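*Asks:* So that we are looking at the same thing, I have put the structure below in structure tokens.
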Amino acid sequence: MKALKKFLGIKHPIIQSPMAGVQRSALAIAVSNAGGLGSLPCAMLSPAELHSELTSLRAGTDKPVNLNFFCHTPPEPDAQREAAWRDLLAPYYDEFAIPQPQYPPSGSTRAPFSREAADLLQEFRPAVVSFHFGLPSTDLVARVKAMGSLVLSTATTVEEAIWLEKHGADAIIAQGLEAGGHRGIFLSNDLLDLTSQMGTFALLPQIVRAVRVPVIAAGGIANARGVAAALALGASAVQIGTAFLLCSEVFTTPIHRSALKSEAARHTAITNLFTGRPARGIVNRIMKERGPISAAVPAFPLAGAALGPLRTKAESLGDGGFSPLWCGQNASGCAELPAAEVVRKLAAGASAPR
């Protein structure tokens with residue numbers, strides 16, 4: 001653990017999970033200044049937005065920060081699959097009396113890591129760059145490392161962890177089945193087959209035994225005791241997202257906040273309805289009636305184009321039935337506290353006897 005903290009340049013072995021759609025630089029700055037590793041989700045930012053956020057990070061902290069990117073291959077629109085998806089959603093458009101959006105979609109809001117992104121990072125030379133859905137091309141990994149950045153990536157199976165180590169990851173995030181948001185699956189050709197996915201405390205020790213690089217535990221860790229348990233099982237650090245969702249530094253919607261504070265947060269499921277890839281969120285109307293997993297959903301990230309107008313209309317009525325209410329299986333750590341206080345509470349687990 002001491003080696004990884006020194007490796008990452010942080011005081012506490014606490015990494016804030018990058019959470020696209022609910023946070024930008026403010027949360028990352030607060031966590032890093034509190035001694036953890038703050039993370040900025042970059043996949044949904046335009047080049048201009050990314051530059052602006054990186055400038056804010058530089059102004060807000062001199063501590064290490066993690067920049068997170070996706071590594072998916074953008075799909076070609078599939079008219080037949082899109083038509084099947086829109087047929088499933090048609091009754092809801094009728095119910096809300098709104099028109100379906102144009103097809104094909106005008107553009108994705110989620111972009112994979114690219115040469116253009118690497119060019120932009122060159123000016124800032126981040127301490128840590130992490131990836132979801134594998135790693136970018138060998139030349140891009142080499143470029144990131146040449147900046148002096150450490151490379152992290154997510155594994156949901158032992159096989160993925162071994163692959164990541166072989167292809168240049170400096171540390172591996174072991175993402176258990178409990179984790180909220182998108183699964184980091186990347187070696188499977190069938191994203192809807194989740195039989196290979198394990199819980200954090202089953203996956204973690206197996207990955208620790210299989211690789212030589214440090215392993216970071218993620219999924220279902222919500223308090224100091226969870227941190228201590230992960231470290232006892234061989235994790236060098238933990239990555240936590242759900243516990244930060246009610247912090248003042250995030251812009252979680254009122255509907256999402258209300259769900260997180262309610263008994264509904266006890267019932268989560270993995271669904272592909274919102275983006276086309278498996279992700280864990282609080283079960284809501286669309287998940288109950290059209291999923292949570294459906295083969296009709298377009299490939300990631302095209303699913304959101306048809307679902308977006310329904311979400312917008314429903315949310316305008318105070319209804320979260322069509323919203324991605326991302327949440328891990330353990331929301332018990334969610335509290336309306338400053339992020340620095342959440343880090344302090346979690347870090348207590350790092351000094352607990354083991």
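Here, A, B, ... name the chains of the structure tokens in the order displayed, residue numbers run from 1 inside each chain, and ligands are numbered from 1 in the same displayed order.
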So that I can see what lies close to A:Leu37, please list as a list in words the residues with an atom at most 9 Å from it, counting only C-alpha atoms and leaving out residues fewer than 6 positions away in the same chain.

*Replies:*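 Listed by chain and then number, they are Leu8, Gly9, Ile10, Lys11, His12, Pro13, Ile14, Ile15, Gln16, Ala28, Ile29, Val31, Lys63, Pro64, Val65 and Asn66 of chain A.
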
*Asks:* Limited to N, CA and C atoms, could you put the picked residues into a file as a PDB file, in the first residue's frame?

*Replies:*
ATOM      1  N   LEU A   8       1.659   6.782  -6.749  1.00  0.00           N
ATOM      2  CA  LEU A   8       0.650   7.721  -7.244  1.00  0.00           C
ATOM      3  C   LEU A   8       0.849   9.135  -6.710  1.00  0.00           C
ATOM      4  N   GLY A   9       1.665   9.284  -5.684  1.00  0.00           N
ATOM      5  CA  GLY A   9       1.898  10.596  -5.116  1.00  0.00           C
ATOM      6  C   GLY A   9       0.757  11.099  -4.259  1.00  0.00           C
ATOM      7  N   ILE A  10       0.085  10.178  -3.549  1.00  0.00           N
ATOM      8  CA  ILE A  10      -1.078  10.551  -2.740  1.00  0.00           C
ATOM      9  C   ILE A  10      -0.854  10.172  -1.280  1.00  0.00           C
ATOM     10  N   LYS A  11      -1.608  10.821  -0.392  1.00  0.00           N
ATOM     11  CA  LYS A  11      -1.499  10.574   1.040  1.00  0.00           C
ATOM     12  C   LYS A  11      -2.314   9.366   1.469  1.00  0.00           C
ATOM     13  N   HIS A  12      -3.527   9.254   0.928  1.00  0.00           N
ATOM     14  CA  HIS A  12      -4.444   8.171   1.299  1.00  0.00           C
ATOM     15  C   HIS A  12      -4.677   7.250   0.095  1.00  0.00           C
ATOM     16  N   PRO A  13      -4.854   5.945   0.319  1.00  0.00           N
ATOM     17  CA  PRO A  13      -5.085   5.017  -0.792  1.00  0.00           C
ATOM     18  C   PRO A  13      -6.549   5.041  -1.254  1.00  0.00           C
ATOM     19  N   ILE A  14      -7.056   6.249  -1.470  1.00  0.00           N
ATOM     20  CA  ILE A  14      -8.451   6.455  -1.852  1.00  0.00           C
ATOM     21  C   ILE A  14      -8.497   7.131  -3.210  1.00  0.00           C
ATOM     22  N   ILE A  15      -9.089   6.469  -4.171  1.00  0.00           N
ATOM     23  CA  ILE A  15      -9.248   7.028  -5.519  1.00  0.00           C
ATOM     24  C   ILE A  15     -10.726   7.277  -5.752  1.00  0.00           C
ATOM     25  N   GLN A  16     -11.052   8.490  -6.130  1.00  0.00           N
ATOM     26  CA  GLN A  16     -12.445   8.821  -6.462  1.00  0.00           C
ATOM     27  C   GLN A  16     -12.751   8.337  -7.874  1.00  0.00           C
ATOM     28  N   ALA A  28     -12.848  16.421  -8.378  1.00  0.00           N
ATOM     29  CA  ALA A  28     -11.477  15.917  -8.467  1.00  0.00           C
ATOM     30  C   ALA A  28     -10.523  16.785  -7.659  1.00  0.00           C
ATOM     31  N   ILE A  29     -10.687  18.089  -7.737  1.00  0.00           N
ATOM     32  CA  ILE A  29      -9.834  19.013  -6.982  1.00  0.00           C
ATOM     33  C   ILE A  29     -10.002  18.793  -5.484  1.00  0.00           C
ATOM     34  N   VAL A  31     -11.050  16.134  -3.832  1.00  0.00           N
ATOM     35  CA  VAL A  31     -10.520  14.838  -3.383  1.00  0.00           C
ATOM     36  C   VAL A  31      -8.997  14.856  -3.363  1.00  0.00           C
ATOM     37  N   LYS A  63      -1.773  18.802  -6.541  1.00  0.00           N
ATOM     38  CA  LYS A  63      -1.684  17.374  -6.217  1.00  0.00           C
ATOM     39  C   LYS A  63      -1.991  16.535  -7.465  1.00  0.00           C
ATOM     40  N   PRO A  64      -1.615  15.261  -7.455  1.00  0.00           N
ATOM     41  CA  PRO A  64      -1.912  14.385  -8.603  1.00  0.00           C
ATOM     42  C   PRO A  64      -3.411  14.252  -8.846  1.00  0.00           C
ATOM     43  N   VAL A  65      -3.790  14.158 -10.119  1.00  0.00           N
ATOM     44  CA  VAL A  65      -5.176  13.964 -10.536  1.00  0.00           C
ATOM     45  C   VAL A  65      -5.191  12.899 -11.625  1.00  0.00           C
ATOM     46  N   ASN A  66      -6.250  12.120 -11.653  1.00  0.00           N
ATOM     47  CA  ASN A  66      -6.439  11.076 -12.664  1.00  0.00           C
ATOM     48  C   ASN A  66      -7.397  11.567 -13.744  1.00  0.00           C
TER      49      ASN A  66
END

*Asks:* So that I can check the surroundings of A:Arg212, please list as a PyMOL selection string every protein, DNA and RNA residue that reaches within 12 Å of it, counting only C-alpha atoms and ignoring chain neighbours fewer than 6 positions away.

*Replies:* chain A and resi 161-162+164-166+168-172+206+234+236

*Asks:* What is the atom CA of A:Ala43-atom CA of A:His132 distance in Å, reported with one decimal?

*Replies:*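 If I compute the distance from atom CA of A:Ala43 to atom CA of A:His132, I get 9.8 Å.
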
*Asks:* Which residues, written as a PyMOL selection string, have at least one atom at most 7 Å from A:Arg125, with only C-alpha atoms counted and residues fewer than 2 positions away on the same chain left out?

*Replies:* chain A and resi 121-123+127+147-149

*Asks:* What lies within 10 Å of A:Ala30 using only C-alpha atoms, ignoring chain neighbours under 4 positions off, as a PyMOL selection string?

*Replies:* chain A and resi 25-26+34-38+60-61+249+338-341+343

*Asks:* Could you turn the residues from that selection into a file that holds N, CA and C atoms, as a PDB file, in the first residue's frame?

*Replies:*
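The new file part39.pdb reads:
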ATOM      1  N   SER A  25     -14.381  19.096 -12.741  1.00  0.00           N
ATOM      2  CA  SER A  25     -13.124  19.256 -12.021  1.00  0.00           C
ATOM      3  C   SER A  25     -13.285  19.538 -10.534  1.00  0.00           C
ATOM      4  N   ALA A  26     -14.398  20.135 -10.105  1.00  0.00           N
ATOM      5  CA  ALA A  26     -14.542  20.529  -8.697  1.00  0.00           C
ATOM      6  C   ALA A  26     -14.381  19.340  -7.756  1.00  0.00           C
ATOM      7  N   ALA A  34      -7.601  16.752  -0.550  1.00  0.00           N
ATOM      8  CA  ALA A  34      -7.824  16.060   0.724  1.00  0.00           C
ATOM      9  C   ALA A  34      -6.886  14.872   0.908  1.00  0.00           C
ATOM     10  N   GLY A  35      -6.031  14.610  -0.076  1.00  0.00           N
ATOM     11  CA  GLY A  35      -5.061  13.536   0.049  1.00  0.00           C
ATOM     12  C   GLY A  35      -5.369  12.275  -0.713  1.00  0.00           C
ATOM     13  N   GLY A  36      -6.531  12.225  -1.369  1.00  0.00           N
ATOM     14  CA  GLY A  36      -6.848  11.088  -2.220  1.00  0.00           C
ATOM     15  C   GLY A  36      -6.421  11.378  -3.656  1.00  0.00           C
ATOM     16  N   LEU A  37      -6.870  10.544  -4.576  1.00  0.00           N
ATOM     17  CA  LEU A  37      -6.627  10.796  -5.993  1.00  0.00           C
ATOM     18  C   LEU A  37      -7.954  11.152  -6.641  1.00  0.00           C
ATOM     19  N   GLY A  38      -8.137  12.432  -6.944  1.00  0.00           N
ATOM     20  CA  GLY A  38      -9.339  12.860  -7.636  1.00  0.00           C
ATOM     21  C   GLY A  38      -9.286  12.462  -9.091  1.00  0.00           C
ATOM     22  N   GLY A  60      -6.600  24.680  -9.462  1.00  0.00           N
ATOM     23  CA  GLY A  60      -7.225  24.294  -8.204  1.00  0.00           C
ATOM     24  C   GLY A  60      -6.408  23.395  -7.311  1.00  0.00           C
ATOM     25  N   THR A  61      -5.423  22.696  -7.861  1.00  0.00           N
ATOM     26  CA  THR A  61      -4.630  21.780  -7.046  1.00  0.00           C
ATOM     27  C   THR A  61      -3.259  21.557  -7.659  1.00  0.00           C
ATOM     28  N   GLU A 249     -19.846  18.965  -4.300  1.00  0.00           N
ATOM     29  CA  GLU A 249     -19.035  19.235  -5.485  1.00  0.00           C
ATOM     30  C   GLU A 249     -19.540  18.530  -6.741  1.00  0.00           C
ATOM     31  N   PRO A 338     -19.097  17.511   2.312  1.00  0.00           N
ATOM     32  CA  PRO A 338     -18.040  17.914   1.383  1.00  0.00           C
ATOM     33  C   PRO A 338     -17.178  16.702   1.038  1.00  0.00           C
ATOM     34  N   ALA A 339     -16.652  16.668  -0.155  1.00  0.00           N
ATOM     35  CA  ALA A 339     -15.859  15.521  -0.595  1.00  0.00           C
ATOM     36  C   ALA A 339     -14.654  15.279   0.306  1.00  0.00           C
ATOM     37  N   ALA A 340     -14.050  16.340   0.813  1.00  0.00           N
ATOM     38  CA  ALA A 340     -12.886  16.178   1.691  1.00  0.00           C
ATOM     39  C   ALA A 340     -13.247  15.394   2.946  1.00  0.00           C
ATOM     40  N   GLU A 341     -14.459  15.596   3.461  1.00  0.00           N
ATOM     41  CA  GLU A 341     -14.892  14.873   4.649  1.00  0.00           C
ATOM     42  C   GLU A 341     -15.141  13.402   4.320  1.00  0.00           C
ATOM     43  N   VAL A 343     -13.505  11.707   2.046  1.00  0.00           N
ATOM     44  CA  VAL A 343     -12.160  11.127   1.963  1.00  0.00           C
ATOM     45  C   VAL A 343     -11.614  10.847   3.359  1.00  0.00           C
TER      46      VAL A 343
END

*Asks:* Closest to A:Asp78 among A:Pro101, A:Pro324, A:Gly304, A:Pro298, using only C-alpha atoms?

*Replies:*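 Counting only C-alpha atoms, the residue closest to A:Asp78 is A:Pro298.
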
*Asks:* DSSP says alpha helix (DSSP H) for which residues of stretch 175-212 of chain A? Put them as a list in words?

*Replies:*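 The residues of stretch 175-212 of chain A classed as alpha helix (DSSP H) are Thr200, Phe201, Ala202, Leu203, Leu204, Pro205, Gln206, Ile207, Val208, Arg209 and Ala210 of chain A.
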
*Asks:* I need the chosen residues saved as an mmCIF file, in the first residue's frame, with C-alpha atoms.

*Replies:*
data_model
loop_
_atom_site.group_PDB
_atom_site.id
_atom_site.type_symbol
_atom_site.label_atom_id
_atom_site.label_comp_id
_atom_site.auth_asym_id
_atom_site.auth_seq_id
_atom_site.Cartn_x
_atom_site.Cartn_y
_atom_site.Cartn_z
ATOM 1 C CA THR A 200 -15.293 -7.476 -5.553
ATOM 2 C CA PHE A 201 -14.104 -9.664 -2.708
ATOM 3 C CA ALA A 202 -14.065 -12.759 -4.920
ATOM 4 C CA LEU A 203 -12.367 -11.028 -7.866
ATOM 5 C CA LEU A 204 -9.801 -8.982 -5.942
ATOM 6 C CA PRO A 205 -7.625 -11.728 -4.401
ATOM 7 C CA GLN A 206 -7.650 -13.698 -7.669
ATOM 8 C CA ILE A 207 -6.332 -10.699 -9.617
ATOM 9 C CA VAL A 208 -3.770 -9.943 -6.886
ATOM 10 C CA ARG A 209 -2.407 -13.484 -7.302
ATOM 11 C CA ALA A 210 -2.429 -13.311 -11.107
#

*Asks:* Mind checking which residues fall within 12 Å of A:Val141, counting only C-alpha atoms, ignoring those fewer than 2 positions away in the same chain, and posting them as a ChimeraX atom specification?

*Replies:* /A:71,113-115,118,129-131,134-139,143-153,164,167-170

*Asks:* Suppose we keep C-alpha atoms; can you now write the selection as an mmCIF file, in the first residue's frame?

*Replies:*
data_model
loop_
_atom_site.group_PDB
_atom_site.id
_atom_site.type_symbol
_atom_site.label_atom_id
_atom_site.label_comp_id
_atom_site.auth_asym_id
_atom_site.auth_seq_id
_atom_site.Cartn_x
_atom_site.Cartn_y
_atom_site.Cartn_z
ATOM 1 C CA CYS A 71 -11.451 2.920 -25.221
ATOM 2 C CA PHE A 113 -9.279 8.250 -26.431
ATOM 3 C CA SER A 114 -7.614 9.577 -29.559
ATOM 4 C CA ARG A 115 -4.455 11.196 -30.924
ATOM 5 C CA ALA A 118 -3.188 12.874 -26.447
ATOM 6 C CA VAL A 129 -4.410 8.576 -16.951
ATOM 7 C CA SER A 130 -6.939 5.764 -16.610
ATOM 8 C CA PHE A 131 -8.973 3.887 -19.190
ATOM 9 C CA GLY A 134 -9.425 -1.852 -22.160
ATOM 10 C CA LEU A 135 -6.507 0.241 -23.379
ATOM 11 C CA PRO A 136 -5.990 2.429 -26.443
ATOM 12 C CA SER A 137 -3.564 1.428 -29.190
ATOM 13 C CA THR A 138 0.030 0.611 -28.292
ATOM 14 C CA ASP A 139 1.314 3.874 -29.727
ATOM 15 C CA ARG A 143 2.581 8.501 -25.779
ATOM 16 C CA VAL A 144 0.798 8.705 -22.425
ATOM 17 C CA LYS A 145 3.717 7.070 -20.648
ATOM 18 C CA ALA A 146 6.184 9.360 -22.423
ATOM 19 C CA MET A 147 4.403 12.295 -20.740
ATOM 20 C CA GLY A 148 5.351 10.773 -17.403
ATOM 21 C CA SER A 149 1.781 9.659 -16.714
ATOM 22 C CA LEU A 150 0.951 6.415 -14.931
ATOM 23 C CA VAL A 151 -1.543 4.215 -16.777
ATOM 24 C CA LEU A 152 -4.462 2.542 -14.990
ATOM 25 C CA SER A 153 -7.255 0.469 -16.478
ATOM 26 C CA LEU A 164 -3.893 -5.244 -19.138
ATOM 27 C CA HIS A 167 -0.222 -4.440 -22.603
ATOM 28 C CA GLY A 168 1.246 -1.792 -20.350
ATOM 29 C CA ALA A 169 -1.056 -0.981 -17.414
ATOM 30 C CA ASP A 170 0.946 0.255 -14.413
#

*Asks:* Pick out the closest residue to A:Ile216 from this set: A:Ser188, A:Ala269, A:Ala259, A:Lys5. Count only C-alpha atoms.

*Replies:* A:Lys5

*Asks:* Give one line per residue of stretch 238-342 of chain A that approaches stretch 80-86 of chain A to at most 7 Å, naming the two atoms of the closest pair and their distance in Å to one decimal, counting only C-alpha atoms; sort by chain then ascending residue number and deliver it as a Markdown table.

*Replies:*
| residue | atom | partner | partner_atom | distance |
| --- | --- | --- | --- | --- |
| A:Ala296 | CA | A:Trp85 | CA | 5.3 |
| A:Val297 | CA | A:Trp85 | CA | 5.5 |
| A:Pro298 | CA | A:Glu82 | CA | 5.9 |
| A:Ala306 | CA | A:Arg86 | CA | 6.8 |

*Asks:* Residues within 10 Å of A:Ala224, please, as a list of chain:residue names. Count only C-alpha atoms; anything in the same chain fewer than 2 positions from it doesn't count.

*Replies:*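 With the cut-off at 10 Å, the set is A:Ile221, A:Ala222, A:Gly226, A:Val227, A:Ala228, A:Ala229, A:Ala230, A:Gly333, A:Val342, A:Val343, A:Arg344, A:Lys345, A:Leu346, A:Ala347, A:Ala348, A:Gly349, A:Ala350, A:Ser351, A:Ala352.
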
*Asks:* Write out as number ranges by chain all residues of stretch 48-237 of chain A that backbone DSSP assigns to strand (DSSP E).

*Replies:* A: 65-70, 128-132, 150-155, 171-175, 181-182, 215-218, 237

*Asks:* Got time to write the residues from that selection, C-alpha atoms, as a compact mmCIF listing (two decimals), in the first residue's frame?

*Replies:*
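Everything below was put into part_29.txt:
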# COMPACT_ATOMS: atom_id res chain seq x y z
CA VAL A 65 -5.18 13.96 -10.54
CA ASN A 66 -6.44 11.08 -12.66
CA LEU A 67 -7.88 11.73 -16.13
CA ASN A 68 -10.22 8.98 -17.31
CA PHE A 69 -11.05 8.04 -20.92
CA PHE A 70 -13.04 5.33 -22.73
CA VAL A 128 -2.36 9.55 -13.90
CA VAL A 129 -4.41 8.58 -16.95
CA SER A 130 -6.94 5.76 -16.61
CA PHE A 131 -8.97 3.89 -19.19
CA HIS A 132 -12.26 2.01 -19.28
CA LEU A 150 0.95 6.41 -14.93
CA VAL A 151 -1.54 4.22 -16.78
CA LEU A 152 -4.46 2.54 -14.99
CA SER A 153 -7.25 0.47 -16.48
CA THR A 154 -10.24 -1.57 -15.34
CA ALA A 155 -10.49 -5.36 -15.26
CA ALA A 171 -1.87 -0.69 -12.02
CA ILE A 172 -5.19 -2.47 -12.42
CA ILE A 173 -8.62 -1.54 -11.07
CA ALA A 174 -10.44 -4.75 -10.09
CA GLN A 175 -14.09 -3.83 -10.71
CA GLY A 181 -21.98 2.76 -13.59
CA HIS A 182 -20.49 1.05 -16.62
CA VAL A 215 -4.33 -3.78 -7.77
CA ILE A 216 -7.03 -1.27 -6.85
CA ALA A 217 -10.36 -2.59 -5.53
CA ALA A 218 -13.64 -1.11 -6.79
CA ALA A 237 -5.85 1.16 -2.87

*Asks:* Do you have the atom CA of A:Arg280-atom CA of A:Cys247 distance handy?

*Replies:*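 Atom CA of A:Cys247 lies 19.9 Å from atom CA of A:Arg280.
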
*Asks:* Find the residue from A:Ala264, A:Ala331, A:Leu54, A:Ile293 that sits nearest to A:Leu192; use only C-alpha atoms when measuring.

*Replies:*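 So, comparing all the options, the nearest one is A:Ile293.
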
*Asks:* Please determine, counting only C-alpha atoms, which residue among A:His51, A:Gly199, A:Leu231, A:Val250 has the shortest atom-to-atom distance to A:Gly219.

*Replies:* A:Gly199

*Asks:* To one decimal place in Å, what is the distance between atom CA of A:Val283 and atom CA of A:Gly180?

*Replies:*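 Taking atom CA of A:Val283 and atom CA of A:Gly180, their separation equals 12.0 Å.
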